[in-house]
Every structure is written in C-alpha cells, then in structure tokens.
file target-v1.txt (compact mmCIF, C-alpha atoms)
# COMPACT_ATOMS: atom_id res chain seq x y z
CA MET Q 13 -2.89 -9.97 -16.11
CA SER Q 14 -5.85 -10.19 -13.74
CA PRO Q 15 -6.58 -7.37 -11.26
CA ARG Q 16 -5.55 -9.63 -8.38
CA ALA Q 17 -2.25 -10.48 -10.09
CA LYS Q 18 -1.57 -6.78 -10.75
CA LYS Q 19 -2.28 -5.99 -7.11
CA ILE Q 20 0.12 -8.67 -5.92
CA ALA Q 21 2.79 -7.55 -8.42
CA MET Q 22 2.55 -3.94 -7.22
CA GLN Q 23 2.77 -5.01 -3.58
CA VAL Q 24 5.80 -7.19 -4.29
CA THR Q 25 7.45 -4.34 -6.23
CA GLY Q 26 6.92 -1.88 -3.39
CA LEU Q 27 8.19 -4.35 -0.82
CA ALA Q 28 11.24 -5.15 -2.97
CA ILE Q 29 12.11 -1.44 -3.30
CA SER Q 30 11.83 -0.96 0.48
CA ILE Q 31 14.01 -3.99 1.20
CA ALA Q 32 16.57 -2.95 -1.42
CA LEU Q 33 16.90 0.57 -0.02
CA LEU Q 34 17.16 -0.62 3.58
CA SER Q 35 19.77 -3.19 2.55
CA PHE Q 36 21.74 -0.47 0.77
CA LEU Q 37 21.58 1.80 3.83
CA PHE Q 38 22.70 -0.90 6.26
CA TYR Q 39 25.40 -2.23 3.96
CA LYS Q 40 28.93 -1.46 5.12
CA ILE Q 41 27.90 0.68 8.08
CA GLU Q 42 29.46 0.20 11.49
CA PHE Q 43 26.62 -1.25 13.57
CA LYS Q 44 28.46 -0.39 16.75
CA GLU Q 45 28.51 3.28 15.74
CA LEU Q 46 24.82 3.11 14.82
CA LEU Q 47 23.91 1.68 18.24
CA ILE Q 48 26.06 4.27 20.02
CA ALA Q 49 24.30 7.09 18.14
CA LEU Q 50 20.88 5.65 19.08
CA LYS Q 51 21.94 5.16 22.71
CA GLU Q 52 23.39 8.65 23.16
CA ALA Q 53 20.47 10.52 21.58
CA ASN Q 54 18.53 12.90 23.84
CA TYR Q 55 15.00 11.60 23.41
CA TRP Q 56 13.45 14.46 25.39
CA TRP Q 57 13.58 16.39 22.10
CA LEU Q 58 10.91 14.01 20.77
CA ILE Q 59 8.29 15.75 22.93
CA PRO Q 60 8.19 19.03 20.92
CA ASN Q 61 8.52 16.97 17.74
CA ILE Q 62 5.41 14.94 18.60
CA ILE Q 63 3.48 18.07 19.61
CA LEU Q 64 4.25 19.73 16.28
CA ILE Q 65 3.29 16.58 14.35
CA MET Q 66 -0.16 16.76 15.95
CA VAL Q 67 -0.37 20.51 15.32
CA THR Q 68 0.15 19.88 11.60
CA MET Q 69 -2.70 17.35 11.64
CA VAL Q 70 -4.99 20.02 13.13
CA PHE Q 71 -3.92 22.40 10.35
CA ARG Q 72 -4.70 19.68 7.79
CA ALA Q 73 -8.20 19.38 9.21
CA TYR Q 74 -8.65 23.18 9.13
CA ARG Q 75 -7.49 23.26 5.51
CA TRP Q 76 -9.91 20.50 4.54
CA LYS Q 77 -12.71 22.38 6.28
CA HIS Q 78 -12.20 25.35 3.95
CA MET Q 79 -12.18 23.01 0.94
CA VAL Q 80 -15.42 21.18 1.74
CA ALA Q 81 -17.28 24.24 3.13
CA PRO Q 82 -19.05 25.06 -0.20
CA ILE Q 83 -20.43 21.50 -0.23
CA ARG Q 84 -21.25 21.05 3.44
CA GLU Q 85 -20.27 22.59 6.77
CA ILE Q 86 -18.52 19.84 8.70
CA PRO Q 87 -17.33 20.22 12.30
CA LEU Q 88 -13.56 20.42 12.72
CA PRO Q 89 -13.37 17.47 15.18
CA ARG Q 90 -15.02 15.23 12.57
CA LEU Q 91 -12.54 16.27 9.88
CA PHE Q 92 -9.64 15.80 12.29
CA SER Q 93 -10.84 12.29 13.09
CA ILE Q 94 -11.16 11.36 9.40
CA THR Q 95 -7.75 12.89 8.64
CA MET Q 96 -6.06 10.85 11.36
CA ILE Q 97 -7.74 7.65 10.14
CA GLY Q 98 -6.63 8.35 6.57
CA PHE Q 99 -3.00 9.01 7.47
CA MET Q 100 -2.97 5.95 9.73
CA ALA Q 101 -4.25 3.90 6.78
CA ASN Q 102 -1.39 5.21 4.63
CA ASN Q 103 0.98 3.79 7.25
CA LEU Q 104 -0.63 0.36 7.40
CA LEU Q 105 -2.24 -0.26 4.00
CA PRO Q 106 -0.60 -0.56 0.56
CA PHE Q 107 -1.04 1.71 -2.50
CA ARG Q 108 -1.58 4.89 -0.41
CA LEU Q 109 -5.14 3.73 0.23
CA GLY Q 110 -5.35 6.25 3.02
CA GLU Q 111 -6.42 8.90 0.51
CA PHE Q 112 -9.35 6.72 -0.56
CA VAL Q 113 -10.07 5.91 3.08
CA ARG Q 114 -10.48 9.63 3.78
CA ALA Q 115 -12.87 9.99 0.85
CA TYR Q 116 -14.86 6.93 1.91
CA SER Q 117 -15.04 8.07 5.55
CA LEU Q 118 -16.16 11.58 4.63
CA SER Q 119 -18.84 10.36 2.21
CA SER Q 120 -20.19 7.72 4.59
CA LYS Q 121 -20.24 9.94 7.67
CA GLU Q 122 -21.18 13.32 6.20
CA GLN Q 123 -23.10 12.51 2.99
CA VAL Q 124 -20.53 14.17 0.74
CA SER Q 125 -20.16 12.33 -2.58
CA LYS Q 126 -17.03 10.21 -2.92
CA SER Q 127 -16.10 11.97 -6.17
CA ALA Q 128 -16.30 15.39 -4.51
CA SER Q 129 -14.29 14.11 -1.54
CA LEU Q 130 -11.61 12.75 -3.84
CA ALA Q 131 -11.52 16.06 -5.72
CA THR Q 132 -10.62 17.97 -2.55
CA ILE Q 133 -7.95 15.40 -1.69
CA PHE Q 134 -6.56 15.46 -5.24
CA VAL Q 135 -6.17 19.25 -5.19
CA GLU Q 136 -4.82 19.20 -1.64
CA ARG Q 137 -2.10 16.62 -2.28
CA ILE Q 138 -1.25 16.97 -5.98
CA VAL Q 139 -1.51 20.75 -6.26
CA PHE Q 140 -1.23 22.73 -3.02
CA ASP Q 141 1.16 20.40 -1.16
CA LEU Q 142 3.50 19.89 -4.11
CA LEU Q 143 3.72 23.56 -5.03
CA ALA Q 144 4.18 24.65 -1.41
CA LEU Q 145 7.01 22.15 -0.94
CA LEU Q 146 8.76 23.34 -4.08
CA ALA Q 147 8.36 26.98 -3.02
CA ILE Q 148 9.93 26.15 0.37
CA PHE Q 149 12.74 24.26 -1.35
CA GLY Q 150 13.37 27.23 -3.64
CA ILE Q 151 13.69 29.52 -0.63
CA VAL Q 152 16.09 27.06 1.03
CA LEU Q 153 18.30 27.05 -2.09
CA ILE Q 154 18.35 30.85 -2.17
CA ILE Q 155 19.40 31.29 1.47
CA SER Q 156 21.61 28.20 1.71
CA PRO Q 157 24.87 27.47 -0.16
CA LEU Q 158 23.76 23.86 -0.62
CA THR Q 159 24.85 22.03 -3.75
CA VAL Q 160 21.91 20.05 -5.14
CA PHE Q 161 22.59 16.76 -6.90
CA LYS Q 162 21.22 16.16 -10.39
CA GLU Q 163 18.62 13.54 -9.41
CA LEU Q 164 16.97 15.91 -6.94
CA LYS Q 165 16.80 18.68 -9.54
CA ILE Q 166 15.06 16.29 -11.96
CA GLY Q 167 12.65 15.22 -9.23
CA ALA Q 168 11.89 18.84 -8.39
CA ILE Q 169 11.23 19.69 -12.06
CA VAL Q 170 8.87 16.71 -12.45
CA THR Q 171 7.09 17.72 -9.23
CA ILE Q 172 6.65 21.33 -10.42
CA ILE Q 173 5.23 20.19 -13.76
CA THR Q 174 2.84 17.77 -12.03
CA GLY Q 175 1.66 20.46 -9.62
CA LEU Q 176 1.12 23.05 -12.34
CA ILE Q 177 -0.81 20.60 -14.53
CA GLY Q 178 -2.99 19.70 -11.56
CA LEU Q 179 -3.51 23.37 -10.69
CA THR Q 180 -4.49 24.24 -14.27
CA PHE Q 181 -6.94 21.33 -14.43
CA ALA Q 182 -8.48 22.22 -11.07
CA PHE Q 183 -8.96 25.90 -11.92
CA TYR Q 184 -10.35 25.03 -15.36
CA LEU Q 185 -12.87 22.55 -14.02
CA SER Q 186 -13.93 24.75 -11.11
CA SER Q 187 -14.41 27.82 -13.32
CA HIS Q 188 -16.12 26.11 -16.26
CA GLY Q 189 -17.90 23.23 -14.61
CA GLN Q 190 -18.69 19.98 -16.33
CA ARG Q 191 -21.64 21.37 -18.32
CA ASP Q 192 -19.86 24.40 -19.75
CA SER Q 193 -16.58 22.67 -20.57
CA HIS Q 194 -16.33 22.00 -24.29
CA ILE Q 195 -13.05 20.14 -23.80
CA LEU Q 196 -14.59 17.77 -21.26
CA LYS Q 197 -17.61 17.20 -23.48
CA ARG Q 198 -15.33 16.30 -26.35
CA LEU Q 199 -13.32 13.92 -24.17
CA ILE Q 200 -16.43 12.25 -22.78
CA SER Q 201 -17.77 11.78 -26.31
CA LEU Q 202 -14.81 9.48 -27.01
CA PHE Q 203 -16.24 6.89 -24.61
CA PRO Q 204 -18.94 4.37 -25.63
CA GLU Q 205 -22.40 5.89 -25.31
CA ARG Q 206 -23.50 3.50 -22.58
CA PHE Q 207 -20.75 4.85 -20.26
CA ARG Q 208 -21.18 8.56 -20.97
CA ALA Q 209 -23.97 9.28 -18.50
CA SER Q 210 -22.06 7.62 -15.67
CA ILE Q 211 -18.84 9.46 -16.57
CA GLU Q 212 -20.65 12.80 -16.82
CA GLY Q 213 -22.16 12.26 -13.39
CA THR Q 214 -18.80 11.40 -11.85
CA VAL Q 215 -17.12 14.44 -13.43
CA ALA Q 216 -19.95 16.69 -12.24
CA ARG Q 217 -19.60 15.42 -8.67
CA PHE Q 218 -15.81 15.77 -8.92
CA ALA Q 219 -16.25 19.39 -10.03
CA THR Q 220 -18.41 19.99 -6.96
CA GLY Q 221 -15.38 19.22 -4.81
CA LEU Q 222 -13.52 22.08 -6.50
CA GLU Q 223 -16.16 24.71 -5.72
CA PHE Q 224 -13.93 26.30 -3.08
CA MET Q 225 -11.53 27.43 -5.84
CA ARG Q 226 -14.11 29.93 -7.06
CA SER Q 227 -13.60 31.89 -3.84
CA GLY Q 228 -10.39 33.88 -3.56
CA LYS Q 229 -10.81 33.98 0.22
CA ARG Q 230 -11.01 30.20 0.51
CA VAL Q 231 -8.04 29.69 -1.83
CA PHE Q 232 -6.07 32.11 0.36
CA TRP Q 233 -6.86 30.19 3.55
CA VAL Q 234 -6.14 26.83 1.93
CA THR Q 235 -2.79 28.20 0.73
CA TYR Q 236 -2.04 29.68 4.18
CA HIS Q 237 -2.77 26.41 5.97
CA THR Q 238 -0.74 24.48 3.40
CA PHE Q 239 2.37 26.56 4.03
CA MET Q 240 1.84 26.38 7.80
CA ILE Q 241 1.63 22.58 7.61
CA TRP Q 242 4.96 22.25 5.83
CA VAL Q 243 6.77 24.97 7.78
CA ILE Q 244 5.75 23.35 11.07
CA MET Q 245 6.73 19.90 9.76
CA GLY Q 246 10.14 21.25 8.80
CA ILE Q 247 10.61 22.74 12.26
CA SER Q 248 9.48 19.47 13.87
CA ASN Q 249 12.25 17.65 12.00
CA TYR Q 250 14.82 19.97 13.52
CA PHE Q 251 14.01 18.71 17.02
CA ILE Q 252 15.05 15.22 15.90
CA LEU Q 253 18.31 16.70 14.61
CA LEU Q 254 18.83 18.29 18.04
CA ALA Q 255 18.15 14.92 19.69
CA PHE Q 256 21.18 13.52 17.86
CA GLY Q 257 23.41 16.50 18.59
CA PHE Q 258 23.16 18.09 15.15
CA GLY Q 259 22.57 21.57 16.56
CA ASN Q 260 25.42 22.81 14.38
CA LEU Q 261 23.33 22.17 11.26
CA PRO Q 262 21.26 25.08 9.92
CA LEU Q 263 17.48 25.00 10.28
CA THR Q 264 17.30 24.74 6.49
CA ALA Q 265 18.70 21.19 6.76
CA SER Q 266 15.41 20.01 8.25
CA PHE Q 267 13.55 21.52 5.28
CA VAL Q 268 15.88 19.81 2.82
CA ILE Q 269 15.01 16.52 4.53
CA LEU Q 270 11.32 17.42 4.28
CA VAL Q 271 11.41 18.11 0.54
CA VAL Q 272 13.67 15.19 -0.43
CA VAL Q 273 11.61 12.70 1.59
CA SER Q 274 8.34 14.08 0.20
CA ILE Q 275 9.60 13.56 -3.35
CA LEU Q 276 10.97 10.08 -2.67
CA ILE Q 277 7.84 8.73 -0.97
CA THR Q 278 6.10 8.99 -4.34
CA VAL Q 279 8.23 5.97 -5.32
CA PRO Q 280 6.39 2.64 -4.77
CA SER Q 281 7.28 1.12 -1.42
CA SER Q 282 5.86 -0.87 1.44
CA PRO Q 283 3.14 0.69 3.64
CA GLY Q 284 4.49 3.49 5.81
CA PHE Q 285 7.09 4.47 3.19
CA VAL Q 286 9.69 2.23 4.80
CA GLY Q 287 13.04 2.45 3.04
CA VAL Q 288 12.26 5.43 0.81
CA TYR Q 289 11.77 7.68 3.85
CA HIS Q 290 15.02 6.49 5.44
CA TYR Q 291 16.95 6.80 2.19
CA GLY Q 292 15.72 10.36 1.66
CA THR Q 293 16.69 11.38 5.19
CA VAL Q 294 20.16 9.81 5.00
CA LEU Q 295 20.75 11.32 1.56
CA SER Q 296 19.81 14.78 2.84
CA LEU Q 297 21.98 14.61 5.96
CA GLN Q 298 25.00 13.41 4.03
CA LEU Q 299 24.83 16.62 2.02
CA TYR Q 300 25.83 18.29 5.30
CA GLY Q 301 28.69 15.89 6.03
CA VAL Q 302 26.85 13.70 8.55
CA SER Q 303 28.27 10.17 8.78
CA PRO Q 304 26.17 7.28 7.42
CA GLU Q 305 25.73 5.80 10.93
CA GLN Q 306 24.56 9.06 12.47
CA ALA Q 307 22.32 9.86 9.50
CA LEU Q 308 20.69 6.42 9.57
CA SER Q 309 20.11 6.53 13.32
CA CYS Q 310 18.42 9.91 12.90
CA ALA Q 311 16.33 8.57 10.00
CA LEU Q 312 15.18 5.57 12.03
CA VAL Q 313 13.97 7.71 14.93
CA MET Q 314 12.43 10.42 12.73
CA HIS Q 315 10.41 7.86 10.78
CA ALA Q 316 9.45 5.80 13.85
CA THR Q 317 8.19 8.86 15.71
CA GLN Q 318 5.92 10.03 12.90
CA PHE Q 319 4.79 6.50 12.12
CA LEU Q 320 3.90 5.56 15.70
CA VAL Q 321 2.22 8.84 16.66
CA ILE Q 322 -0.02 8.99 13.58
CA THR Q 323 -0.77 5.25 13.64
CA ILE Q 324 -1.68 5.13 17.34
CA VAL Q 325 -3.89 8.22 17.20
CA GLY Q 326 -5.46 7.05 13.93
CA LEU Q 327 -6.27 3.63 15.38
CA TYR Q 328 -7.87 5.35 18.39
CA TYR Q 329 -10.20 7.32 16.13
CA LEU Q 330 -10.86 4.24 14.00
CA ARG Q 331 -12.05 2.40 17.11
CA ARG Q 332 -14.09 5.39 18.25
CA GLU Q 333 -15.85 5.47 14.88
CA HIS Q 334 -16.65 1.75 15.27
CA LEU Q 335 -14.76 0.87 12.10
CA SER Q 336 -12.23 -1.88 11.38
CA LEU Q 337 -9.05 -1.65 9.35
CA LYS Q 338 -10.21 -4.51 7.14
CA GLU Q 339 -13.53 -2.79 6.47
CA ILE Q 340 -12.01 0.51 5.39
CA GLU Q 341 -9.40 -1.29 3.27
CA GLN Q 342 -12.10 -3.19 1.38
CA GLU Q 343 -14.19 -0.05 0.82
CA ALA Q 344 -11.17 1.99 -0.25
CA GLU Q 345 -10.12 -0.70 -2.76
CA LYS Q 346 -13.62 -0.68 -4.24
CA ARG Q 347 -13.49 3.08 -4.70
CA GLY Q 348 -9.84 3.09 -5.85
call {"tool": "encode", "arguments": {"input": "target-v1.txt", "output": "structure tokens"}}
result
Amino acid sequence: MSPRAKKIAMQVTGLAISIALLSFLFYKIEFKELLIALKEANYWWLIPNIILIMVTMVFRAYRWKHMVAPIREIPLPRLFSITMIGFMANNLLPFRLGEFVRAYSLSSKEQVSKSASLATIFVERIVFDLLALLAIFGIVLIISPLTVFKELKIGAIVTIITGLIGLTFAFYLSSHGQRDSHILKRLISLFPERFRASIEGTVARFATGLEFMRSGKRVFWVTYHTFMIWVIMGISNYFILLAFGFGNLPLTASFVILVVVSILITVPSSPGFVGVYHYGTVLSLQLYGVSPEQALSCALVMHATQFLVITIVGLYYLRREHLSLKEIEQEAEKRG
C-alpha cells in the first residue's frame, strides 16, 4: 500500500469510528429531552470554564519552558503562542499533527532542532501527562465509591505500562546520552551502514531534548505544572456539570470524565476527537445515573466549548505568526 493510500485509509478509519460512536450515542435517545436539556442549561457557567481552559494553556507553556530551558531560553509568550497553534492544529488536522506542528513551529522560530522539540513533546505527553492522569484517577477511586467497568481498568493498565516504559526510556537516554549508551549503539548497528550516521545524529538531537531530566529541580517543576494542568482541567469540567444542574454530583465526577476521555481520545477518530470525546463523557456520567439525554447534552457543550476556545485562539496566533494552516500541515506531515 502506498503512503498516500495508507493516509487515506487511516483518515477513513478515524472518520468511521467518530460517525459510529455518534450514531450509537444518538440512537434511541429522546431528541425532545436532549433539546430541553440544552435549552435549560445555565450557560453563564461557561465563563469560569473558559477562563480555566486558558489558564491550563498558560501552565502548559510554563511547563514547556522548563523542558526546553537547557537547550535555549525561550520567552513564555512565544511558547504560549506555539502551544495554542499546536492544540488548534490537533482540532483541525488529522493524525494528531498538532504535536508535529508544535515541534516544527519551535524549530523554525527558535532554532531548536526538530528532534529535540519532539523529545520534549514525547516526554510531556507520553510520560508526564499519562502518569499524572493515572495518579489522579487512583486518588478518585480511593475517595469515591465508584465501580469501575472492566474496559476502563484495562485501558488504565495499558496507559500505566505505556507511561512507565516512556519514563524509563527518557531517563535512560537523558542519563546515558547517545554516545555512552551501549544498548543504543547495538540497536543502531542493526541498520544498514549508510543510514547509521543519520540515525545517530537524530538520536543525539533527540537526547538533547531530554537534558532537563538531569536536573531534579526542573523535573520537579515539570511534574508540578503537569498536575496543575490536569487538576485545573478537572475543575473546569465541573462548571459544565453545574451548567446542566448536576451540582448534586461529586467533584470527583469531573475527574472521572477527564481520565476516561483522555484514554479514549487515543483511539483513532476524526480531527478534534469528535465521537470519542462525547462517548467518554456520556459513559462517565452514566456511571453516576445521569440519563443518556442529559449526559449527551453535557458532552456536546463540554466538547464544543474546549474545541471553539482553543481553535479560535490558536487561529489568532497562527495569523499573527503569518502562517497558514495548509503550510503547517504540509511541514508537519514531512516531519511526521
């Protein structure tokens, strides 16, 4: 299968999953009840929700600043701009290209190698975010009498294993470096000789992006900002619950939504995580006895708020940087 055919097949698969999940959610619901729930919601609660969404984006920029500091000191406003553009791209482009967009933007604007940029994003998303989410979920299970279904337990176990493997790899590469790593040398030797120099260079630049992990102080601040990001996101979800009159639900319900959705959006879907996000939210709320119509109405607003806020602000910064969506998509696909 050609690369173009694979790309089309993956896009079709993601779109099919999104359509299937949305169809399942809308099947057999009372549309009248859904519309009533949407009409009666108190949308003033969206104001604190939107504020907290933007606060988490500032924390993401602060966290990234600590990660890239050993490579280059980059002003916080620049990192915030690149972060917003990257998350906007995740909403509008397929294959989570937003992560590659961030790496491309950072390397083109601040002369940080793309491999080093990707290394910081890899550790941020695959290690710190995953482990923080699972730690929060563990706390929720301890303080809440919630019964967790089997599929979520399996997803949590897979997530923990992925995070720990990523953490081990990151610490190993940051502590040993490409030159001193006998394991990496042995792995690189398996490739044809004509590719080894290029691979060694890429690995070396990737290892540069993990330099911050040699500093206990920087790891502490990255960990602190990671937990703050997810705690604030969980609290922001609760304001949407209040908008729909779910004030009787415990605060932990918003964190259950956060964890379940975060696990499910790893499933292939259309840009913006349409379908998987809604399914995760509905699934979480039904654990607390919320009706399908009320849960779906809440899911629609929760997703739309995050999607629109991040997309609009991201497009603003994209325009301010004199970039086009098509341009960053093409560059990201080259690097991806």
call {"tool": "closest_residue", "arguments": {"input": "target-v1.txt", "among": "Q:Ser117, Q:Ser127, Q:Gln23, Q:Thr264", "to": "Arg90 (chain Q)", "atoms": "all atoms listed in the file"}}
result
Q:Ser117
call {"tool": "atom_distance", "arguments": {"input": "target-v1.txt", "atom1": "CA of Gly301 (chain Q)", "atom2": "CA of Gly246 (chain Q)"}}
result
19.5 Å
call {"tool": "residues_around", "arguments": {"input": "target-v1.txt", "residues": "region 25-37 of chain Q", "least_positions_apart": "6", "cutoff": "6 Å", "atoms": "only C-alpha atoms", "output": "mmCIF file with C-alpha atoms, in the coordinates of the input"}}
result
data_model
loop_
_atom_site.group_PDB
_atom_site.id
_atom_site.type_symbol
_atom_site.label_atom_id
_atom_site.label_comp_id
_atom_site.auth_asym_id
_atom_site.auth_seq_id
_atom_site.Cartn_x
_atom_site.Cartn_y
_atom_site.Cartn_z
ATOM 1 C CA PRO Q 280 6.390 2.640 -4.770
ATOM 2 C CA SER Q 281 7.280 1.120 -1.420
ATOM 3 C CA SER Q 282 5.860 -0.870 1.440
ATOM 4 C CA VAL Q 286 9.690 2.230 4.800
ATOM 5 C CA GLY Q 287 13.040 2.450 3.040
#
call {"tool": "atom_distance", "arguments": {"input": "target-v1.txt", "atom1": "CA of Val231 (chain Q)", "atom2": "CA of Gln318 (chain Q)"}}
result
28.3 Å
call {"tool": "closest_residue", "arguments": {"input": "target-v1.txt", "among": "Q:Val321, Q:Val24, Q:Ile94, Q:Leu253", "to": "Ser120 (chain Q)", "atoms": "all atoms listed in the file"}}
result
Q:Ile94
call {"tool": "atom_distance", "arguments": {"input": "target-v1.txt", "atom1": "CA of Met66 (chain Q)", "atom2": "CA of Leu330 (chain Q)"}}
result
16.6 Å
call {"tool": "residues_near_point", "arguments": {"input": "target-v1.txt", "point": "(11.7, 7.8, 2.0)", "cutoff": "12 Å", "atoms": "all atoms listed in the file", "output": "MDAnalysis selection string"}}
result
chainID Q and resid 29:30 33:34 37 269:296 308 311:312 314:315
call {"tool": "write_last_selection", "arguments": {"input": "target-v1.txt", "atoms": "C-alpha atoms", "output": "tab-separated table (two decimals), keeping the file's coordinate frame"}}
result
chain	number	residue	atom	x	y	z
Q	29	ILE	CA	12.11	-1.44	-3.30
Q	30	SER	CA	11.83	-0.96	0.48
Q	33	LEU	CA	16.90	0.57	-0.02
Q	34	LEU	CA	17.16	-0.62	3.58
Q	37	LEU	CA	21.58	1.80	3.83
Q	269	ILE	CA	15.01	16.52	4.53
Q	270	LEU	CA	11.32	17.42	4.28
Q	271	VAL	CA	11.41	18.11	0.54
Q	272	VAL	CA	13.67	15.19	-0.43
Q	273	VAL	CA	11.61	12.70	1.59
Q	274	SER	CA	8.34	14.08	0.20
Q	275	ILE	CA	9.60	13.56	-3.35
Q	276	LEU	CA	10.97	10.08	-2.67
Q	277	ILE	CA	7.84	8.73	-0.97
Q	278	THR	CA	6.10	8.99	-4.34
Q	279	VAL	CA	8.23	5.97	-5.32
Q	280	PRO	CA	6.39	2.64	-4.77
Q	281	SER	CA	7.28	1.12	-1.42
Q	282	SER	CA	5.86	-0.87	1.44
Q	283	PRO	CA	3.14	0.69	3.64
Q	284	GLY	CA	4.49	3.49	5.81
Q	285	PHE	CA	7.09	4.47	3.19
Q	286	VAL	CA	9.69	2.23	4.80
Q	287	GLY	CA	13.04	2.45	3.04
Q	288	VAL	CA	12.26	5.43	0.81
Q	289	TYR	CA	11.77	7.68	3.85
Q	290	HIS	CA	15.02	6.49	5.44
Q	291	TYR	CA	16.95	6.80	2.19
Q	292	GLY	CA	15.72	10.36	1.66
Q	293	THR	CA	16.69	11.38	5.19
Q	294	VAL	CA	20.16	9.81	5.00
Q	295	LEU	CA	20.75	11.32	1.56
Q	296	SER	CA	19.81	14.78	2.84
Q	308	LEU	CA	20.69	6.42	9.57
Q	311	ALA	CA	16.33	8.57	10.00
Q	312	LEU	CA	15.18	5.57	12.03
Q	314	MET	CA	12.43	10.42	12.73
Q	315	HIS	CA	10.41	7.86	10.78
call {"tool": "closest_residue", "arguments": {"input": "target-v1.txt", "among": "Q:Thr180, Q:Asn61, Q:Thr132, Q:Thr235", "to": "Ala147 (chain Q)", "atoms": "only C-alpha atoms"}}
result
Q:Thr235
call {"tool": "axis_aligned_box", "arguments": {"input": "target-v1.txt", "around": "region 310-325 of chain Q", "padding_each_side": "8 Å", "output": "AutoDock Vina command-line options"}}
result
--center_x 7.3 --center_y 7.8 --center_z 13.7 --size_x 38.3 --size_y 21.3 --size_z 23.3
call {"tool": "closest_residue", "arguments": {"input": "target-v1.txt", "among": "Q:Ile340, Q:Ala53, Q:Val80, Q:Val67", "to": "Val243 (chain Q)", "atoms": "all atoms listed in the file"}}
result
Q:Val67
call {"tool": "closest_residue", "arguments": {"input": "target-v1.txt", "among": "Q:Val113, Q:Ile41, Q:Leu50, Q:Ala73", "to": "Gln342 (chain Q)", "atoms": "only C-alpha atoms"}}
result
Q:Val113
call {"tool": "residues_around", "arguments": {"input": "target-v1.txt", "residues": "Phe92 (chain Q)", "least_positions_apart": "3", "cutoff": "10 Å", "atoms": "only C-alpha atoms", "output": "JSON, numbers by chain"}}
result
{"Q": [69, 70, 71, 72, 73, 74, 76, 77, 87, 88, 89, 95, 96, 97, 98, 326, 329]}
call {"tool": "write_last_selection", "arguments": {"input": "target-v1.txt", "atoms": "C-alpha atoms", "output": "short mmCIF file (atom, residue, chain, number, x, y, z; two decimals), in the coordinates of the input"}}
result
data_model
loop_
_atom_site.label_atom_id
_atom_site.label_comp_id
_atom_site.auth_asym_id
_atom_site.auth_seq_id
_atom_site.Cartn_x
_atom_site.Cartn_y
_atom_site.Cartn_z
CA MET Q 69 -2.70 17.35 11.64
CA VAL Q 70 -4.99 20.02 13.13
CA PHE Q 71 -3.92 22.40 10.35
CA ARG Q 72 -4.70 19.68 7.79
CA ALA Q 73 -8.20 19.38 9.21
CA TYR Q 74 -8.65 23.18 9.13
CA TRP Q 76 -9.91 20.50 4.54
CA LYS Q 77 -12.71 22.38 6.28
CA PRO Q 87 -17.33 20.22 12.30
CA LEU Q 88 -13.56 20.42 12.72
CA PRO Q 89 -13.37 17.47 15.18
CA THR Q 95 -7.75 12.89 8.64
CA MET Q 96 -6.06 10.85 11.36
CA ILE Q 97 -7.74 7.65 10.14
CA GLY Q 98 -6.63 8.35 6.57
CA GLY Q 326 -5.46 7.05 13.93
CA TYR Q 329 -10.20 7.32 16.13
#
call {"tool": "closest_residue", "arguments": {"input": "target-v1.txt", "among": "Q:Leu91, Q:Ala49, Q:Ala81, Q:Ile20", "to": "Glu305 (chain Q)", "atoms": "only C-alpha atoms"}}
result
Q:Ala49
call {"tool": "residues_near_point", "arguments": {"input": "target-v1.txt", "point": "(-10.2, 3.5, 15.2)", "cutoff": "10 Å", "atoms": "all atoms listed in the file", "output": "ChimeraX atom specification"}}
result
/Q:93-94,96-97,100,323-337
call {"tool": "write_last_selection", "arguments": {"input": "target-v1.txt", "atoms": "C-alpha atoms", "output": "PDB file, keeping the file's coordinate frame"}}
result
ATOM      1  CA  SER Q  93     -10.840  12.290  13.090  1.00  0.00           C
ATOM      2  CA  ILE Q  94     -11.160  11.360   9.400  1.00  0.00           C
ATOM      3  CA  MET Q  96      -6.060  10.850  11.360  1.00  0.00           C
ATOM      4  CA  ILE Q  97      -7.740   7.650  10.140  1.00  0.00           C
ATOM      5  CA  MET Q 100      -2.970   5.950   9.730  1.00  0.00           C
ATOM      6  CA  THR Q 323      -0.770   5.250  13.640  1.00  0.00           C
ATOM      7  CA  ILE Q 324      -1.680   5.130  17.340  1.00  0.00           C
ATOM      8  CA  VAL Q 325      -3.890   8.220  17.200  1.00  0.00           C
ATOM      9  CA  GLY Q 326      -5.460   7.050  13.930  1.00  0.00           C
ATOM     10  CA  LEU Q 327      -6.270   3.630  15.380  1.00  0.00           C
ATOM     11  CA  TYR Q 328      -7.870   5.350  18.390  1.00  0.00           C
ATOM     12  CA  TYR Q 329     -10.200   7.320  16.130  1.00  0.00           C
ATOM     13  CA  LEU Q 330     -10.860   4.240  14.000  1.00  0.00           C
ATOM     14  CA  ARG Q 331     -12.050   2.400  17.110  1.00  0.00           C
ATOM     15  CA  ARG Q 332     -14.090   5.390  18.250  1.00  0.00           C
ATOM     16  CA  GLU Q 333     -15.850   5.470  14.880  1.00  0.00           C
ATOM     17  CA  HIS Q 334     -16.650   1.750  15.270  1.00  0.00           C
ATOM     18  CA  LEU Q 335     -14.760   0.870  12.100  1.00  0.00           C
ATOM     19  CA  SER Q 336     -12.230  -1.880  11.380  1.00  0.00           C
ATOM     20  CA  LEU Q 337      -9.050  -1.650   9.350  1.00  0.00           C
TER      21      LEU Q 337
END
